[in-house]
Amino acid sequence: MPRFSVIVPAYKVQAYLHECLESVLEQSYPDLELIAVDDCSPDASGAIIDEFAARDARVRAVHLPENVGLGRARNAGLEHATGDYLIFLDSDDSLTPDALRAIADRLKETSEPDVLVYDYARTYWSGEAVRNQFAAQLTEQGPAPFRLDDRPGLLRVLMVVWNKAYRREFVEREGFTFPPGYYEDTPWTYPVLMSAETIATLDRVCVHYRQRRHGSILGTSSRRHFDIFEQYDRVFAHIDAHPELAHWRPVLFRRMIDHFSTVFVKRGRLPRGSRAEFLRKSRAHYRLYRTPGAPVRLRTRMRHALVKLGAHRAYRLLSLTSRACRRTLRLTSALLRTARGAALQLHYRVQLRLPLRADRAVFSSYWGRGYGCNPGALESAFRNFAPHIRTAWIAHPEHHHTIPPSTRRLRPGTAGYWTALARSKYLVNNVNFDRRLVKRPGQIMIQTQHGTPLKYMGLDLQDRPAAARGTDFAELLRSVDKWDYCLSANRHSTLVWERVFPSSYTTLEYGLPRNDVFQQATSTDVSRLRASLGIPEGAVALLYAPTYRDYRRAQRRALDLERVLRQLGPRFVVLTRAHHSYAGPLASTSGGRLIDVSDHPSIESLCLASDALITDYSSLMFDYAGLDRPIVIHADDWEAYEAARGTYFDLRAFPPGAVARSEDELIDIFATGHWHGSRSTQLRAAFRERFCPYDDGRAAERVVRRVVLGETAWRPAFTPLAKRHPVPSAAAARPTAPLTTVPPPGGAAPVPVTENL
């Protein structure tokens with residue numbers, strides 16, 4: 001008897017069915033049966049199911065003689081199910097990697113509940129993925145399992161069948177089946193949740209819910225949307241048959257009216273001429289099942305009133321009025337923005353005619369994201385070595401808390417912003433300023449860059465359209481012509497910058513100011529940072545920071561971090577740092593030994609707090625090498641990355657440490673101790689010699705002395721690598737730190753790792 005019966009009904013989904021079925025069969029938890037039901041589909045769906053059944057014994061093909069609809073097709077799958085738990089998956093959706101393993105683990109942790117509710121993410125044809133907005137209801141904190149009465153907020157999660165696992169014995173005992181028609185999930189999910197004696201949650205995205213550009217059933221105009229009335233009749237009939245569930249009537253009544261109003265207002269669902277009829281039927285159900293007691297949110301009260309009154313003409317009048325108001329508001333807002341923009345540009349032109357302020361410097365980084373990187377280190381150095389210069393920092397308001405109190409805060413696009421750009425003598429950024437900036441005689445612009453280039457940059461992207469993404473290279477060169485100085489960490493960077501950003505600026509090959517802290521920090525600083533991040537005492541903290549992929553729109557989760565941590569054992573902690581170009585975290589959960597630090601304002605602090613770095617092709621590796629701590633490269637898609645972006649050297653041939661080409665290899669590198677062994681140390685030493693010759697803790701001081709104080713004849717001498725002493729990691733600072741035994745992947749015998757850090 002398999003652990004899971006995964007039931008997939010298929011009708012007109014030939015374009016998506018391969019991906020759906022493969023997402024099930026490629027799960028790392030193989031104890032399953034896949035029941036694929038061909039609902040007499042007129043396309044190739046039936047043949048695809050047969051192909052999968054021929055190559056994998058776990059697939060059972062069920063062919064229906066006539067089209068019966070989604071609900072009855074699921075019932076046909078139920079008749080063949082033998083697994084402990086039932087999982088339903090629509091044939092255009094897919095399971096996320098390792099979803100079944102996570103579900104199995106959670107079922108075991110919560111004593112085999114009747115129902116386990118897990119999370120999903122909407123995936124759009126553009127590649128964007130958006131997690132369920134009510135994911136907080138799936139928290140695993142608190143007692144588990146529980147009943148719906150203990151966590152009624154669970155009803156706020158989308159009431160569909162495919163975001164839950166059901167104990168088969170429970171379903172068969174209660175006699176649950178799917179009705180015909182649209183909205184067949186409604187009379188299944190509500191009775192199931194209300195009747196379940198034990199429920200648990202899994203705070204993890206297990207399903208990618210495909211949002212089709214065209215072709216979605218619920219987005220199709222049809223009178224079948226009137227089926228929703230019969231489906232709610234079935235829900236209330238179930239409550240009538242089970243008096244112990246009567247206390248749910250107020251909630252279900254409110255949700256029914258919410259559902260009716262949603263169908264009514266969604267444009268394109270109801271055929272032309274049927275909307276008034278739909279509203280009349282809604283009013284009849286309102287009167288039939290009205291049960292006061294559940295609060296209605298203020299913004300939905302008008303919808304409820306429309307359903308209650310059946311006021312179709314009133315709704316049309318309100319809708320037209322509302323649309324006209326919104327159009328007027330948009331037009332007014334656009335006019336105001338245009339007028340404000342013109343006024344600010346006039347203000348800027350006036351400021352350009354006023355004298356420069358020789359004692360002013362303005363800084364920014366990453367398009368206003370906040371205080372940090374090389375400009376942040378330079379701003380601090382300005383205050384230390386040139387205190388007569390008054391500094392200001394440009395950032396969006398949500399990042400103002402990162403700016404030191406003694407530094408003036410500026411918001412992009414304000415009058416103060418344009419005044420600072422027009423009259424400050426020193427302009428410092430790690431990207432380019434606003435293209436409308438006019439470089440005045442006497443102004444000095446310092447381009448700090450934000451790392452050492454591995455991937456192609458500047459003009460080298462002209463034949464890389466996926467990476468260039470419509471870059472205006474003429475505009476780029478006009479911005480480069482405003483630079484007076486460009487910072488460089490090493491000879492490699494200097495040669496690249498001067499070729500891909502050609503102009504008459506002066507290159508300062510002084511090292512990167514943001515790395516000064518690695519030589520200046522103390523062990524006390526490291527301990528304080530680890531405590532602030534919640535890293536347990538004695539843990540080995542791995543910083544996982546992958547880079548952006550030009551060939552992908554959505555964030556790529558190359559590692560199952562939960563699995564990696566399970567393999568590495570309880571002594572390891574992973575700090576996950578998503579690239580700032582992506583909105584979401586790298587893991588579906590955070591807490592315990594998996595700590596999301598994507599929003600932490602200082603990557604340098606994260607480096608100091610960690611004991612080793614795991615990355616792919618991020619320039620962070622060049623900075624981290626200055627710390628002289630272990631680096632492991634996870635290069636599972638090098639060929640695709642190199643083809644899309646282009647790289648200046650083959651990282652696999654000249655890495656800063658051990659290289660893994662798969663998740664299992666990565667685990668093995670840690671299991672065998674190669675991550676901090678002698679070979680990794682040798683590779684890191686060669687890497688540091690090439691890329692970290694000047695990062696000795698005084699880069700920012702050199703820049704200020706040269707550019708601001710004019711000390712061209714003298715600058716602090718570079719400290720050789722052999723004489724540098726960056727602050728050790730917390731693990732390395734312990735006198736003898738044998739690692740815990742780590743079982744290698746594949747079920748082999750555990751490998752004791754006793755080599756000192």
# chains A, B, ... in the order shown; residues from 1 in each chain; ligands from 1

call {"tool": "residues_around", "arguments": {"residues": "Ser45 in chain A", "least_positions_apart": "4", "cutoff": "8 Å", "atoms": "only C-alpha atoms", "output": "PyMOL selection string"}}
result
chain A and resi 10-14+17+38+41+49

call {"tool": "residues_around", "arguments": {"residues": "His388 in chain A", "least_positions_apart": "2", "cutoff": "7 Å", "atoms": "only C-alpha atoms", "output": "PyMOL selection string"}}
result
chain A and resi 359+386+390

call {"tool": "select_by_dssp", "arguments": {"residues": "range 16-230 of chain A", "states": "alpha helix (DSSP H)", "output": "ChimeraX atom specification"}}
result
/A:16-25,45-55,70-80,99-109,168-174,186-195,227-230

call {"tool": "residues_around", "arguments": {"residues": "Gly83 in chain A", "least_positions_apart": "6", "cutoff": "12 Å", "atoms": "only C-alpha atoms", "output": "ChimeraX atom specification"}}
result
/A:1-7,31-35,58,77,165-169,171

call {"tool": "residues_around", "arguments": {"residues": "Glu109 in chain A", "least_positions_apart": "4", "cutoff": "10 Å", "atoms": "only C-alpha atoms", "output": "list in words"}}
result
Ile103, Ala104, Asp105, Pro113, Ala144, Pro145 and Ala200 of chain A

call {"tool": "write_last_selection", "arguments": {"atoms": "N, CA, C and O atoms", "output": "PDB file, in the first residue's frame"}}
result
ATOM      1  N   ILE A 103       5.437  16.852   3.076  1.00  0.00           N
ATOM      2  CA  ILE A 103       4.094  16.475   3.528  1.00  0.00           C
ATOM      3  C   ILE A 103       4.168  15.223   4.404  1.00  0.00           C
ATOM      4  O   ILE A 103       3.542  15.153   5.465  1.00  0.00           O
ATOM      5  N   ALA A 104       4.954  14.230   3.959  1.00  0.00           N
ATOM      6  CA  ALA A 104       5.086  12.991   4.736  1.00  0.00           C
ATOM      7  C   ALA A 104       5.684  13.262   6.108  1.00  0.00           C
ATOM      8  O   ALA A 104       5.232  12.710   7.122  1.00  0.00           O
ATOM      9  N   ASP A 105       6.699  14.114   6.144  1.00  0.00           N
ATOM     10  CA  ASP A 105       7.333  14.432   7.429  1.00  0.00           C
ATOM     11  C   ASP A 105       6.351  15.125   8.362  1.00  0.00           C
ATOM     12  O   ASP A 105       6.289  14.824   9.564  1.00  0.00           O
ATOM     13  N   PRO A 113      -2.972  13.198  10.884  1.00  0.00           N
ATOM     14  CA  PRO A 113      -4.280  13.871  10.966  1.00  0.00           C
ATOM     15  C   PRO A 113      -5.202  13.466   9.820  1.00  0.00           C
ATOM     16  O   PRO A 113      -4.762  12.912   8.803  1.00  0.00           O
ATOM     17  N   ALA A 144      -0.828  20.869  17.497  1.00  0.00           N
ATOM     18  CA  ALA A 144      -1.211  20.181  16.268  1.00  0.00           C
ATOM     19  C   ALA A 144      -1.207  18.683  16.563  1.00  0.00           C
ATOM     20  O   ALA A 144      -0.303  18.192  17.250  1.00  0.00           O
ATOM     21  N   PRO A 145      -2.228  17.947  16.099  1.00  0.00           N
ATOM     22  CA  PRO A 145      -3.320  18.432  15.271  1.00  0.00           C
ATOM     23  C   PRO A 145      -4.371  19.197  16.078  1.00  0.00           C
ATOM     24  O   PRO A 145      -4.324  19.232  17.298  1.00  0.00           O
ATOM     25  N   ALA A 200      -3.982  19.470  10.501  1.00  0.00           N
ATOM     26  CA  ALA A 200      -2.648  20.042  10.703  1.00  0.00           C
ATOM     27  C   ALA A 200      -2.323  20.936   9.515  1.00  0.00           C
ATOM     28  O   ALA A 200      -2.988  20.887   8.470  1.00  0.00           O
TER      29      ALA A 200
END

call {"tool": "closest_residue", "arguments": {"among": "A:Leu193, A:Ala381, A:Met159, A:Leu344", "to": "Arg702 in chain A", "atoms": "only C-alpha atoms"}}
result
A:Ala381

call {"tool": "residues_around", "arguments": {"residues": "Ala643 in chain A", "least_positions_apart": "2", "cutoff": "12 Å", "atoms": "only C-alpha atoms", "output": "ChimeraX atom specification"}}
result
/A:455-456,461,463-467,549-551,637-641,645-647

call {"tool": "atom_distance", "arguments": {"atom1": "CA of Ala539 in chain A", "atom2": "CA of Asp98 in chain A"}}
result
25.7 Å

call {"tool": "closest_residue", "arguments": {"among": "A:Asn432, A:Asp84, A:Ala422, A:Ala730", "to": "Leu529 in chain A", "atoms": "only C-alpha atoms"}}
result
A:Ala730

call {"tool": "closest_residue", "arguments": {"among": "A:Asp227, A:Asp599, A:Asp484, A:Glu711", "to": "Gly442 in chain A", "atoms": "only C-alpha atoms"}}
result
A:Asp484

call {"tool": "closest_residue", "arguments": {"among": "A:His401, A:Trp393, A:Glu689, A:Trp483", "to": "Leu437 in chain A", "atoms": "only C-alpha atoms"}}
result
A:Trp483

call {"tool": "select_by_dssp", "arguments": {"residues": "range 355-485 of chain A", "states": "strand (DSSP E)", "output": "list in words"}}
result
Arg357, Ala358, Asp359, Arg360, Ala361, Val362, Phe363, Ser364, Arg390, Thr391, Ala392, Trp393, Ile394, Arg408, Arg409, Leu410, Ser424, Lys425, Tyr426, Leu427, Val428, Asn429, Ile444, Met445, Ile446, Gln447 and Tyr485 of chain A

call {"tool": "write_last_selection", "arguments": {"atoms": "N, CA and C atoms", "output": "tab-separated table (two decimals), in the first residue's frame"}}
result
chain	number	residue	atom	x	y	z
A	357	ARG	N	28.84	73.99	-3.24
A	357	ARG	CA	29.20	73.95	-1.83
A	357	ARG	C	30.36	72.97	-1.66
A	358	ALA	N	31.55	73.52	-1.46
A	358	ALA	CA	32.74	72.69	-1.39
A	358	ALA	C	32.76	71.78	-0.18
A	359	ASP	N	31.90	72.05	0.80
A	359	ASP	CA	31.89	71.25	2.03
A	359	ASP	C	30.72	70.27	2.05
A	360	ARG	N	30.18	69.92	0.88
A	360	ARG	CA	29.04	69.01	0.83
A	360	ARG	C	29.36	67.79	-0.04
A	361	ALA	N	28.87	66.64	0.41
A	361	ALA	CA	29.00	65.40	-0.34
A	361	ALA	C	27.69	64.65	-0.25
A	362	VAL	N	27.23	64.07	-1.35
A	362	VAL	CA	25.98	63.31	-1.37
A	362	VAL	C	26.27	61.89	-1.85
A	363	PHE	N	25.66	60.92	-1.19
A	363	PHE	CA	25.94	59.51	-1.43
A	363	PHE	C	24.64	58.76	-1.72
A	364	SER	N	24.78	57.66	-2.44
A	364	SER	CA	23.65	56.76	-2.65
A	364	SER	C	24.20	55.41	-3.10
A	390	ARG	N	30.18	67.97	5.03
A	390	ARG	CA	28.86	67.57	5.51
A	390	ARG	C	28.25	66.58	4.50
A	391	THR	N	27.80	65.46	5.01
A	391	THR	CA	27.35	64.38	4.12
A	391	THR	C	25.83	64.24	4.14
A	392	ALA	N	25.30	63.76	3.01
A	392	ALA	CA	23.87	63.46	2.87
A	392	ALA	C	23.73	62.14	2.14
A	393	TRP	N	22.64	61.43	2.41
A	393	TRP	CA	22.43	60.11	1.80
A	393	TRP	C	21.04	60.07	1.16
A	394	ILE	N	21.01	59.60	-0.09
A	394	ILE	CA	19.76	59.49	-0.84
A	394	ILE	C	19.23	58.06	-0.69
A	408	ARG	N	22.56	63.52	6.80
A	408	ARG	CA	21.28	64.04	6.34
A	408	ARG	C	20.59	63.03	5.43
A	409	ARG	N	19.29	62.86	5.61
A	409	ARG	CA	18.51	61.93	4.82
A	409	ARG	C	17.79	62.66	3.70
A	410	LEU	N	17.87	62.12	2.48
A	410	LEU	CA	17.21	62.71	1.33
A	410	LEU	C	16.35	61.66	0.64
A	424	SER	N	26.28	69.95	-4.40
A	424	SER	CA	27.32	69.23	-3.65
A	424	SER	C	28.56	69.04	-4.53
A	425	LYS	N	29.71	69.22	-3.93
A	425	LYS	CA	30.95	69.06	-4.69
A	425	LYS	C	31.23	67.59	-4.99
A	426	TYR	N	30.92	66.71	-4.02
A	426	TYR	CA	31.25	65.29	-4.18
A	426	TYR	C	29.97	64.48	-4.36
A	427	LEU	N	29.95	63.67	-5.40
A	427	LEU	CA	28.83	62.78	-5.70
A	427	LEU	C	29.36	61.35	-5.72
A	428	VAL	N	28.81	60.49	-4.87
A	428	VAL	CA	29.35	59.14	-4.71
A	428	VAL	C	28.21	58.13	-4.87
A	429	ASN	N	28.43	57.13	-5.71
A	429	ASN	CA	27.40	56.12	-5.95
A	429	ASN	C	28.06	54.83	-6.42
A	444	ILE	N	32.90	66.56	-8.35
A	444	ILE	CA	33.71	65.35	-8.43
A	444	ILE	C	32.81	64.14	-8.19
A	445	MET	N	32.75	63.27	-9.18
A	445	MET	CA	31.91	62.07	-9.06
A	445	MET	C	32.80	60.85	-8.89
A	446	ILE	N	32.48	60.07	-7.85
A	446	ILE	CA	33.22	58.83	-7.56
A	446	ILE	C	32.30	57.66	-7.82
A	447	GLN	N	32.66	56.85	-8.79
A	447	GLN	CA	31.92	55.62	-9.08
A	447	GLN	C	32.63	54.48	-8.33
A	485	TYR	N	36.34	59.46	-10.93
A	485	TYR	CA	37.13	58.37	-10.39
A	485	TYR	C	36.30	57.09	-10.42

call {"tool": "residues_around", "arguments": {"residues": "range 291-293 of chain A", "least_positions_apart": "3", "cutoff": "12 Å", "atoms": "only C-alpha atoms", "output": "list in words"}}
result
Phe236, Ala246, His247, Trp248, Arg249, Pro250, Val251, Leu252, Phe253, Arg254, Arg255, Met256, Ile257, His285, Tyr286, Arg287, Leu288 and Val296 of chain A
